[in-house]
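Asker: Following this line is input_3.csv, made up of CSV, C-alpha atoms:
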chain,number,residue,atom,x,y,z
A,1,MET,CA,-8.1,13.5,-31.7
A,2,THR,CA,-11.2,13.6,-29.5
A,3,THR,CA,-12.1,10.5,-27.6
A,4,LYS,CA,-15.5,10.4,-25.8
A,5,ILE,CA,-16.4,7.8,-23.2
A,6,HIS,CA,-19.8,6.2,-23.8
A,7,PRO,CA,-19.8,3.2,-21.4
A,8,PRO,CA,-21.6,0.2,-22.9
A,9,SER,CA,-24.0,-1.8,-20.9
A,10,LEU,CA,-21.7,-4.4,-19.4
A,11,PRO,CA,-23.3,-7.5,-18.0
A,12,ARG,CA,-23.7,-7.7,-14.3
A,13,ARG,CA,-21.9,-10.7,-12.7
A,14,SER,CA,-22.1,-11.7,-9.1
A,15,GLU,CA,-18.5,-12.9,-8.6
A,16,ALA,CA,-16.4,-10.9,-11.0
A,17,LYS,CA,-16.2,-7.4,-12.5
A,18,ALA,CA,-15.2,-6.1,-15.9
A,19,GLY,CA,-11.6,-6.4,-16.8
A,20,PRO,CA,-8.9,-5.5,-16.3
A,21,ILE,CA,-7.4,-5.5,-19.8
A,22,LEU,CA,-3.6,-5.5,-20.0
A,23,ILE,CA,-1.9,-3.9,-23.0
A,24,ALA,CA,1.9,-4.1,-23.2
A,25,GLY,CA,4.4,-3.6,-26.0
A,26,LEU,CA,7.5,-2.1,-27.2
A,27,THR,CA,8.2,1.6,-27.0
A,28,ALA,CA,6.7,3.6,-29.9
A,29,VAL,CA,4.6,0.6,-31.1
A,30,GLY,CA,1.3,2.5,-30.7
A,31,LYS,CA,-0.1,0.8,-27.6
A,32,SER,CA,-1.0,4.0,-25.9
A,33,GLU,CA,-3.1,5.1,-28.9
A,34,ILE,CA,-4.8,1.8,-29.0
A,35,ALA,CA,-5.5,1.9,-25.2
A,36,LEU,CA,-7.0,5.4,-25.6
A,37,ARG,CA,-9.3,4.3,-28.4
A,38,LEU,CA,-10.3,1.1,-26.5
A,39,ALA,CA,-11.1,3.2,-23.4
A,40,GLY,CA,-13.4,5.3,-25.6
A,41,GLN,CA,-15.2,2.3,-27.0
A,42,LEU,CA,-15.6,0.5,-23.6
A,43,GLY,CA,-16.0,3.3,-21.2
A,44,GLY,CA,-12.6,2.5,-19.7
A,45,GLU,CA,-10.0,4.2,-17.6
A,46,ILE,CA,-6.3,3.8,-18.2
A,47,ILE,CA,-3.7,2.8,-15.6
A,48,SER,CA,-0.2,3.7,-16.8
A,49,ALA,CA,2.4,0.9,-16.4
A,50,ASP,CA,5.3,3.1,-17.3
A,51,SER,CA,8.1,3.5,-14.8
A,52,MET,CA,9.0,7.0,-15.9
A,53,GLN,CA,5.6,8.6,-16.4
A,54,VAL,CA,5.0,8.6,-12.6
A,55,TYR,CA,7.4,11.5,-12.3
A,56,ARG,CA,6.1,15.1,-12.6
A,57,GLY,CA,7.8,17.1,-15.3
A,58,LEU,CA,9.1,14.1,-17.3
A,59,ASP,CA,6.6,14.9,-20.0
A,60,ILE,CA,8.1,15.1,-23.5
A,61,GLY,CA,10.8,12.5,-23.1
A,62,THR,CA,8.3,9.9,-21.7
A,63,ALA,CA,5.7,10.5,-24.4
A,64,LYS,CA,3.2,11.2,-21.6
A,65,PRO,CA,-0.5,11.4,-22.7
A,66,SER,CA,-1.4,14.9,-23.6
A,67,PRO,CA,-3.7,17.0,-21.3
A,68,ALA,CA,-6.4,16.7,-24.0
A,69,ASP,CA,-6.2,12.9,-24.0
A,70,ARG,CA,-6.2,12.8,-20.2
A,71,ALA,CA,-9.2,15.1,-20.1
A,72,CYS,CA,-11.1,12.8,-22.5
A,73,VAL,CA,-10.1,9.5,-20.8
A,74,PRO,CA,-9.2,9.3,-17.1
A,75,HIS,CA,-5.6,8.2,-16.6
A,76,HIS,CA,-4.0,6.9,-13.3
A,77,LEU,CA,-0.5,6.6,-11.9
A,78,ILE,CA,0.8,9.5,-14.0
A,79,ASP,CA,2.5,12.5,-12.3
A,80,ILE,CA,2.3,11.0,-8.8
A,81,CYS,CA,6.0,11.6,-7.8
A,82,ASP,CA,8.3,14.5,-7.5
A,83,LEU,CA,11.9,14.1,-8.8
A,84,THR,CA,13.0,14.0,-5.2
A,85,GLU,CA,11.0,10.8,-4.6
A,86,SER,CA,11.7,7.2,-5.4
A,87,PHE,CA,9.2,4.8,-7.0
A,88,ASP,CA,9.4,1.1,-7.7
A,89,ALA,CA,7.4,-2.0,-8.9
A,90,ALA,CA,6.1,-2.8,-5.4
A,91,GLN,CA,4.6,0.6,-5.1
A,92,PHE,CA,3.2,0.4,-8.6
A,93,ALA,CA,1.5,-3.0,-7.8
A,94,ARG,CA,-0.2,-1.7,-4.7
A,95,LEU,CA,-1.4,1.5,-6.3
A,96,ALA,CA,-2.5,-0.3,-9.5
A,97,HIS,CA,-4.6,-2.8,-7.5
A,98,CYS,CA,-6.2,0.2,-5.7
A,99,ALA,CA,-6.9,1.9,-9.0
A,100,VAL,CA,-8.5,-1.2,-10.5
A,101,ALA,CA,-10.9,-1.5,-7.6
A,102,GLU,CA,-11.9,2.1,-7.8
A,103,ILE,CA,-12.4,2.0,-11.5
A,104,GLN,CA,-14.6,-1.1,-11.3
A,105,ALA,CA,-16.6,0.5,-8.5
A,106,ARG,CA,-17.5,3.2,-11.0
A,107,GLY,CA,-18.7,0.5,-13.4
A,108,HIS,CA,-15.8,1.2,-15.8
A,109,VAL,CA,-13.2,-1.0,-17.4
A,110,PRO,CA,-9.6,-0.8,-16.1
A,111,ILE,CA,-7.0,-0.9,-18.9
A,112,LEU,CA,-3.4,-1.2,-17.8
A,113,CYS,CA,-1.1,0.0,-20.5
A,114,GLY,CA,2.7,0.4,-20.7
A,115,GLY,CA,6.0,-1.1,-21.6
A,116,THR,CA,7.5,-1.8,-18.2
A,117,GLY,CA,7.4,-5.6,-18.0
A,118,LEU,CA,8.3,-5.7,-14.4
A,119,TYR,CA,5.3,-3.6,-13.5
A,120,PHE,CA,2.9,-6.1,-15.1
A,121,LYS,CA,4.7,-8.9,-13.4
A,122,ALA,CA,4.4,-7.2,-10.0
A,123,PHE,CA,0.7,-6.4,-10.6
A,124,LEU,CA,-0.1,-10.0,-11.5
A,125,GLU,CA,2.2,-12.0,-9.2
A,126,GLY,CA,3.6,-9.7,-6.5
A,127,LEU,CA,7.3,-9.5,-6.0
A,128,GLY,CA,7.8,-12.2,-3.3
A,129,GLU,CA,9.5,-11.4,-0.1
A,130,ALA,CA,12.5,-9.3,-1.2
A,131,PRO,CA,13.4,-6.9,1.6
A,132,PRO,CA,13.0,-3.1,1.2
A,133,ALA,CA,16.0,-1.0,0.3
A,134,ASN,CA,18.6,-0.4,3.0
A,135,PRO,CA,19.7,3.3,2.7
A,136,LYS,CA,23.2,2.7,4.2
A,137,LEU,CA,23.9,-0.3,2.1
A,138,ARG,CA,22.4,1.3,-1.0
A,139,ALA,CA,24.7,4.3,-0.7
A,140,GLU,CA,27.7,2.0,-0.4
A,141,LEU,CA,26.7,0.0,-3.5
A,142,GLU,CA,26.0,3.1,-5.5
A,143,ALA,CA,29.5,4.3,-4.8
A,144,ALA,CA,31.1,1.1,-6.0
A,145,PRO,CA,32.2,0.5,-9.6
A,146,LEU,CA,29.6,-1.3,-11.7
A,147,GLU,CA,32.2,-3.9,-12.8
A,148,LYS,CA,32.9,-4.8,-9.2
A,149,LEU,CA,29.2,-5.3,-8.5
A,150,LEU,CA,28.9,-7.5,-11.5
A,151,ASP,CA,31.8,-9.6,-10.4
A,152,GLU,CA,30.1,-10.1,-7.0
A,153,LEU,CA,26.8,-11.0,-8.8
A,154,ARG,CA,28.6,-13.5,-11.1
A,155,GLU,CA,30.1,-15.2,-8.1
A,156,ARG,CA,27.1,-15.3,-5.7
A,157,ASP,CA,24.2,-15.6,-8.2
A,158,PRO,CA,25.2,-16.8,-11.7
A,159,ALA,CA,21.6,-17.3,-12.7
A,160,THR,CA,20.7,-13.6,-12.2
A,161,PHE,CA,24.1,-12.5,-13.7
A,162,GLU,CA,23.2,-14.3,-16.9
A,163,LYS,CA,19.8,-12.6,-17.2
A,164,ILE,CA,20.2,-9.2,-15.8
A,165,ASP,CA,20.7,-6.0,-17.9
A,166,LYS,CA,24.4,-5.5,-17.1
A,167,LYS,CA,24.3,-1.9,-18.4
A,168,ASN,CA,21.6,-0.9,-15.9
A,169,PRO,CA,23.3,0.0,-12.6
A,170,ARG,CA,20.0,0.3,-10.8
A,171,ARG,CA,19.1,-3.3,-11.5
A,172,VAL,CA,22.5,-4.6,-10.6
A,173,ILE,CA,22.6,-2.6,-7.4
A,174,ARG,CA,19.2,-4.0,-6.3
A,175,ALA,CA,20.2,-7.6,-7.0
A,176,VAL,CA,23.4,-7.3,-5.0
A,177,GLU,CA,21.6,-5.5,-2.2
A,178,VAL,CA,19.1,-8.3,-1.8
A,179,ILE,CA,21.8,-10.9,-1.8
A,180,ARG,CA,23.8,-9.1,0.9
A,181,LEU,CA,20.7,-8.5,3.0
A,182,THR,CA,19.3,-12.0,2.8
A,183,GLY,CA,22.4,-14.1,2.2
A,184,LYS,CA,20.4,-15.9,-0.6
A,185,PRO,CA,20.6,-15.6,-4.4
A,186,PHE,CA,18.3,-12.9,-5.8
A,187,SER,CA,17.0,-15.4,-8.4
A,188,GLU,CA,15.6,-17.6,-5.7
A,189,GLN,CA,13.5,-14.8,-4.2
A,190,GLN,CA,11.8,-13.6,-7.4
A,191,SER,CA,8.5,-15.0,-8.4
A,192,ARG,CA,8.7,-16.8,-11.7
A,193,TRP,CA,6.2,-15.5,-14.3
A,194,GLY,CA,6.3,-18.7,-16.3
A,195,GLN,CA,5.2,-20.8,-13.4
A,196,THR,CA,2.7,-18.6,-11.6
A,197,PHE,CA,1.4,-16.5,-14.4
A,198,PRO,CA,-2.3,-17.3,-14.9
A,199,GLY,CA,-3.2,-19.8,-17.5
A,200,SER,CA,-6.3,-19.9,-19.6
A,201,ARG,CA,-9.4,-20.8,-17.6
A,202,SER,CA,-12.1,-19.2,-19.7
A,203,ALA,CA,-13.2,-20.1,-23.2
A,204,ASP,CA,-11.0,-19.2,-26.0
A,205,ILE,CA,-12.1,-16.2,-28.1
A,206,PRO,CA,-11.3,-16.8,-31.8
A,207,VAL,CA,-10.3,-13.3,-32.9
A,208,ARG,CA,-6.9,-13.0,-34.5
A,209,GLY,CA,-5.5,-15.3,-31.9
A,210,PHE,CA,-6.8,-13.4,-28.9
A,211,THR,CA,-7.4,-15.7,-26.0
A,212,GLY,CA,-9.4,-15.0,-22.9
A,213,HIS,CA,-7.3,-15.6,-19.8
A,214,SER,CA,-8.3,-15.4,-16.2
A,215,CYS,CA,-6.2,-13.5,-13.8
A,216,PRO,CA,-6.6,-13.3,-10.0
A,217,VAL,CA,-6.5,-9.7,-9.0
A,218,SER,CA,-7.3,-8.4,-5.6
A,219,ALA,CA,-10.5,-6.3,-5.6
A,220,LYS,CA,-9.5,-4.8,-2.3
A,221,ALA,CA,-6.3,-2.8,-2.3
A,222,ASP,CA,-4.7,-1.4,0.8
A,223,ALA,CA,-5.4,2.3,1.4
A,224,VAL,CA,-2.5,4.6,0.7
A,225,SER,CA,-1.7,8.2,1.5
A,226,PRO,CA,-1.2,10.6,-1.3
A,227,PRO,CA,0.7,10.7,-3.5
A,228,HIS,CA,1.7,7.0,-2.9
A,229,GLY,CA,2.8,6.7,0.7
A,230,LEU,CA,4.4,3.2,0.5
A,231,ALA,CA,7.5,2.3,2.4
A,232,THR,CA,7.3,-1.4,2.1
A,233,GLY,CA,9.3,-3.4,-0.4
A,234,LYS,CA,6.6,-6.0,-0.8
A,235,SER,CA,3.7,-5.9,-3.2
A,236,PRO,CA,0.4,-7.6,-2.7
A,237,GLU,CA,0.1,-11.1,-3.9
A,238,PRO,CA,-2.9,-11.7,-6.1
A,239,ALA,CA,-6.0,-12.9,-4.3
A,240,ASP,CA,-7.4,-16.4,-4.9
A,241,LYS,CA,-10.9,-14.9,-5.3
A,242,ASN,CA,-12.4,-12.3,-7.6
A,243,VAL,CA,-11.1,-13.9,-10.8
A,244,TYR,CA,-12.0,-12.0,-13.9
A,245,PRO,CA,-11.4,-12.7,-17.6
A,246,THR,CA,-8.3,-10.8,-18.6
A,247,PHE,CA,-6.9,-9.9,-22.0
A,248,ILE,CA,-3.1,-9.8,-21.9
A,249,ILE,CA,-1.9,-8.4,-25.2
A,250,VAL,CA,1.6,-7.5,-26.4
A,251,PHE,CA,1.9,-5.4,-29.5
A,252,THR,CA,4.9,-5.5,-31.8
A,253,ARG,CA,5.9,-4.2,-35.3
A,254,SER,CA,8.4,-5.2,-37.9
A,255,THR,CA,11.9,-4.0,-37.3
A,256,ASP,CA,11.8,-1.5,-40.1
A,257,ASP,CA,8.4,-0.1,-39.2
A,258,LEU,CA,9.4,0.2,-35.5
A,259,ARG,CA,12.6,2.0,-36.4
A,260,ARG,CA,10.7,4.5,-38.5
A,261,ARG,CA,8.3,5.2,-35.7
A,262,ILE,CA,11.1,5.5,-33.1
A,263,ASP,CA,13.0,8.0,-35.3
A,264,ALA,CA,9.9,10.0,-35.9
A,265,ARG,CA,9.0,10.1,-32.2
A,266,VAL,CA,12.5,11.2,-31.2
A,267,ASP,CA,12.6,14.0,-33.8
A,268,ALA,CA,9.2,15.2,-32.6
A,269,MET,CA,10.3,15.2,-29.0
A,270,PHE,CA,13.2,17.5,-29.8
A,271,LYS,CA,11.0,19.7,-31.9
A,272,ARG,CA,8.6,20.0,-28.9
A,273,GLY,CA,11.3,21.2,-26.6
A,274,LEU,CA,13.0,18.2,-24.9
A,275,VAL,CA,16.2,20.2,-24.4
A,276,ASP,CA,14.4,23.0,-22.7
A,277,GLU,CA,12.4,20.6,-20.6
A,278,THR,CA,15.5,18.8,-19.5
A,279,HIS,CA,17.2,22.1,-18.6
A,280,GLU,CA,14.3,23.0,-16.3
A,281,LEU,CA,14.2,19.6,-14.8
A,282,LEU,CA,17.9,19.8,-13.8
A,283,LYS,CA,16.9,22.8,-11.6
A,284,ARG,CA,14.4,20.5,-9.8
A,285,GLY,CA,16.8,17.7,-9.1
A,286,LEU,CA,16.8,15.5,-12.2
A,287,ALA,CA,20.5,14.7,-12.0
A,288,GLU,CA,20.1,13.5,-8.4
A,289,ASN,CA,17.3,11.0,-9.1
A,290,LYS,CA,19.2,7.9,-10.4
A,291,THR,CA,15.9,6.3,-11.5
A,292,ALA,CA,14.7,9.2,-13.5
A,293,MET,CA,18.1,9.7,-15.1
A,294,GLN,CA,17.7,6.2,-16.6
A,295,ALA,CA,14.9,7.5,-18.8
A,296,ILE,CA,16.1,7.5,-22.4
A,297,GLY,CA,16.5,10.9,-23.8
A,298,TYR,CA,17.0,12.8,-20.6
A,299,ARG,CA,20.4,11.4,-19.7
A,300,GLN,CA,21.7,12.0,-23.3
A,301,VAL,CA,20.3,15.6,-23.2
A,302,VAL,CA,21.9,16.2,-19.8
A,303,GLU,CA,25.3,15.1,-21.3
A,304,HIS,CA,24.6,17.5,-24.3
A,305,LEU,CA,24.0,20.4,-21.9
A,306,ARG,CA,27.3,19.6,-20.2
A,307,GLY,CA,29.0,20.0,-23.6
A,308,GLU,CA,29.8,16.3,-24.1
A,309,ARG,CA,28.3,16.1,-27.7
A,310,SER,CA,26.5,18.2,-30.2
A,311,LEU,CA,22.7,18.4,-30.5
A,312,LYS,CA,22.8,16.5,-33.8
A,313,GLU,CA,24.9,13.7,-32.2
A,314,THR,CA,22.6,13.7,-29.2
A,315,ILE,CA,19.4,13.2,-31.3
A,316,GLU,CA,21.0,10.3,-33.1
A,317,LEU,CA,22.2,8.7,-29.9
A,318,VAL,CA,18.7,8.9,-28.4
A,319,LYS,CA,17.4,7.1,-31.4
A,320,ILE,CA,20.0,4.4,-31.0
A,321,ARG,CA,19.3,4.0,-27.3
A,322,THR,CA,15.6,3.9,-27.9
A,323,ARG,CA,16.0,1.1,-30.5
A,324,GLN,CA,18.2,-0.8,-28.1
A,325,PHE,CA,15.6,-0.4,-25.3
A,326,ALA,CA,12.9,-1.7,-27.6
A,327,LYS,CA,15.1,-4.8,-28.3
A,328,ARG,CA,15.5,-5.4,-24.6
A,329,GLN,CA,11.8,-5.1,-24.1
A,330,LEU,CA,11.1,-7.6,-26.9
A,331,THR,CA,13.6,-10.1,-25.3
A,332,TRP,CA,12.0,-9.7,-21.9
A,333,PHE,CA,8.5,-10.2,-23.1
A,334,ARG,CA,9.5,-13.2,-25.3
A,335,ALA,CA,10.8,-14.9,-22.2
A,336,GLN,CA,7.3,-14.8,-20.6
A,337,LYS,CA,4.4,-17.2,-21.1
A,338,ASN,CA,0.7,-16.9,-21.7
A,339,LEU,CA,0.9,-13.6,-23.6
A,340,GLU,CA,-1.0,-12.8,-26.8
A,341,TRP,CA,1.2,-11.3,-29.5
A,342,ILE,CA,-0.2,-8.9,-32.1
A,343,GLU,CA,2.0,-7.6,-34.8
A,344,LEU,CA,0.7,-4.2,-36.1
A,345,LYS,CA,1.1,-3.4,-39.8
A,346,PRO,CA,2.4,0.0,-40.9
A,347,ASP,CA,-1.0,1.0,-42.4
A,348,GLU,CA,-3.2,-0.7,-39.9
A,349,SER,CA,-6.0,1.3,-38.3
A,350,LEU,CA,-5.5,1.6,-34.6
A,351,GLU,CA,-9.2,2.3,-34.2
A,352,LYS,CA,-10.1,-1.0,-35.9
A,353,CYS,CA,-7.5,-2.8,-33.8
A,354,ALA,CA,-9.1,-1.4,-30.7
A,355,GLN,CA,-12.5,-2.6,-32.0
A,356,LYS,CA,-11.1,-6.1,-32.5
A,357,ILE,CA,-10.2,-6.2,-28.8
A,358,CYS,CA,-13.4,-4.6,-27.7
A,359,GLU,CA,-15.7,-7.1,-29.4
A,360,PRO,CA,-14.3,-10.3,-27.8
A,361,PHE,CA,-14.0,-8.6,-24.5
A,362,LEU,CA,-17.7,-7.7,-24.5
A,363,LYS,CA,-18.5,-11.2,-25.6
A,364,SER,CA,-16.5,-12.6,-22.7
A,365,GLN,CA,-18.4,-10.4,-20.3
A,366,SER,CA,-21.7,-11.7,-21.7
A,367,ASP,CA,-20.6,-15.3,-21.6
A,368,GLY,CA,-19.6,-14.9,-17.9
A,369,ARG,CA,-23.0,-13.8,-16.7
Would you mind writing the structure in this file as structure tokens?
Answerer:
Amino acid sequence: MTTKIHPPSLPRRSEAKAGPILIAGLTAVGKSEIALRLAGQLGGEIISADSMQVYRGLDIGTAKPSPADRACVPHHLIDICDLTESFDAAQFARLAHCAVAEIQARGHVPILCGGTGLYFKAFLEGLGEAPPANPKLRAELEAAPLEKLLDELRERDPATFEKIDKKNPRRVIRAVEVIRLTGKPFSEQQSRWGQTFPGSRSADIPVRGFTGHSCPVSAKADAVSPPHGLATGKSPEPADKNVYPTFIIVFTRSTDDLRRRIDARVDAMFKRGLVDETHELLKRGLAENKTAMQAIGYRQVVEHLRGERSLKETIELVKIRTRQFAKRQLTWFRAQKNLEWIELKPDESLEKCAQKICEPFLKSQSDGR
């Protein structure tokens, strides 16, 4: 597919600039394809909100945009980290704000697209005052059994214990780390999306339930050194000024449709060479990067390469883990407020879907003059 950018004549406004548009959704739902088509229609640039696409080399397993797509539409926050580096939501928020400002300065529309809910949360709200990671304490926690950490979390912060993904060691370790460093429950230090997420301030746009929201986003981001140069654990809080109409859309599909798409994607990944890619990444430190090893597909292939299961069993396990991940994504997004839900049909044209987003967006820009 060839996508050409032909920027429309967006209205000039004195106090706000075009966008950003936020596109979220479950893995394999088709959000990246929609964002690509939307960028072509609006003259937009895409900011990836995917916690794994930041890593160089994690290409096939993260469904990273192809070189051809990236040549047609500019993409940001992809391939900005080596496997020896760490990356988190605070770093994403700071870099995403910077990218938004740069894209708008070029007269283009920023389109944030991804399935990492925490990244959207960090971009819109910041992450409060949680302290940065403590290397010594982090090493101690990483060496501790997960069950022991969960017991501590249950005792010291029942609220977080009830909500946290108990099978994700990285999340559990961070919660316990913050509690030990601050002496306060982790849940008290997190910004709450439902309370501070921006409500509707602009006129409703009657297109398939799409609503125009206003979201405060800083137009001035802190300068950073390449590739990301961020040591702080804090992300910028949204500014009170520079409020733009923002589309916040979450795409879903029926269970059967999504399952078919997930199975097809996983089969395609293995045919494209996921096993060979993982083998090469192990030489570059994949196994030592605890964050990257959380990426579905890579961990299972690493276990296959170590002789723990056959290739056929590995492919089926990746499909199962991907479906489980999609379910967790759905649960997370359902717990948030002020999101616009769009269920895609199996035979629905993604080009037309993008057009239905494009039209009310252009109208909102015109109304805001």
Asker: Please provide as a PyMOL selection string all residues within 6 Å of segment 338-345 of chain A, with the sequence filter that same-chain residues fewer than 2 positions apart are discarded (counting only C-alpha atoms).
Answerer: chain A and resi 248-253+347-348
Asker: Taking into account all atoms listed in the file, which residue in the set A:Arg328, A:Lys312, A:Lys64, A:Lys337 is nearest to Lys163 of chain A?
Answerer: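 Answer, going by the shortest atom-to-atom distance: A:Arg328.
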Asker: Quick one: residues within 12 Å of Ala326 of chain A, all atoms listed in the file counted, chain neighbours fewer than 5 positions away excluded, as a PyMOL selection string?
Answerer: chain A and resi 25-29+115-117+251-255+258-259+261-262+296+319-321+331-333
Asker: Would you mind reading off the distance between atom CA of Gln365 of chain A and atom CA of Ala18 of chain A, one decimal, in Å?
Answerer: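 Spanning atom CA of Gln365 of chain A to atom CA of Ala18 of chain A is a straight-line distance of 6.9 Å.
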Asker: With distances taken over only C-alpha atoms, which of A:Leu42, A:Cys81, A:Met269, A:Cys358 is nearest to His108 of chain A?
Answerer: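 Among the listed residues, A:Leu42 lies closest to His108 of chain A.
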Asker: Closest to Lys283 of chain A among A:Pro67, A:Leu83, A:Leu127, A:Pro20, using all atoms listed in the file?
Answerer: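 Checking each of A:Pro67, A:Leu83, A:Leu127, A:Pro20 against Lys283 of chain A, counting all atoms listed in the file, the winner is A:Leu83.
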Asker: What is the atom CA of Ile103 of chain A to atom CA of His76 of chain A distance in Å?
Answerer: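 Atom CA of Ile103 of chain A sits 9.9 Å away from atom CA of His76 of chain A.
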Asker: Here is a test: counting only C-alpha atoms, which residue of A:Glu33, A:Glu177, A:Arg299, A:Ala335 is nearest to Lys136 of chain A?
Answerer: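 That would be A:Glu177, the residue with the smallest distance to Lys136 of chain A.
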Asker: Compile the contact shell of Ile315 of chain A as a list in words: residues with an atom at most 10 Å away, counting only C-alpha atoms, same-chain residues fewer than 2 positions apart removed.
Answerer: Asp263, Val266, Asp267, Met269, Phe270, Gly297, Gln300, Val301, His304, Ser310, Leu311, Lys312, Glu313, Leu317, Val318, Lys319 and Ile320 of chain A
Asker: Excluding segment 44-60 of chain A and residues on its chain fewer than 6 positions from it, collect all residues at most 8 Å away from it, counting all atoms listed in the file, and give them as a count of residues only.
Answerer: 41
Asker: Near Leu146 of chain A, within 8 Å and counting only C-alpha atoms, which residues show up once chain neighbours fewer than 2 positions away are dropped, as a PDB file with C-alpha atoms, keeping the file's coordinate frame?
Answerer:
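Done, and the output landed in result-v8.pdb:
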ATOM      1  CA  ALA A 144      31.100   1.100  -6.000  1.00  0.00           C
ATOM      2  CA  LYS A 148      32.900  -4.800  -9.200  1.00  0.00           C
ATOM      3  CA  LEU A 149      29.200  -5.300  -8.500  1.00  0.00           C
ATOM      4  CA  LEU A 150      28.900  -7.500 -11.500  1.00  0.00           C
ATOM      5  CA  PRO A 169      23.300   0.000 -12.600  1.00  0.00           C
ATOM      6  CA  VAL A 172      22.500  -4.600 -10.600  1.00  0.00           C
TER       7      VAL A 172
END
Asker: Name the closest residue to Ile21 of chain A among the candidates A:Arg306, A:Ile357, A:Lys363, A:Lys121; distances are taken between atoms, counting all atoms listed in the file.
Answerer: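 Among the listed residues, the smallest separation from Ile21 of chain A belongs to A:Ile357.
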Asker: To one decimal place in Å, what is the distance between atom CA of Ala24 of chain A and atom CA of Gln329 of chain A?
Answerer: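 These atoms are spaced 10.0 Å apart.
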Asker: Between A:Arg156, A:Phe161, A:Arg174, A:Glu303, which has the minimum distance to Leu141 of chain A (counting only C-alpha atoms)?
Answerer: A:Arg174
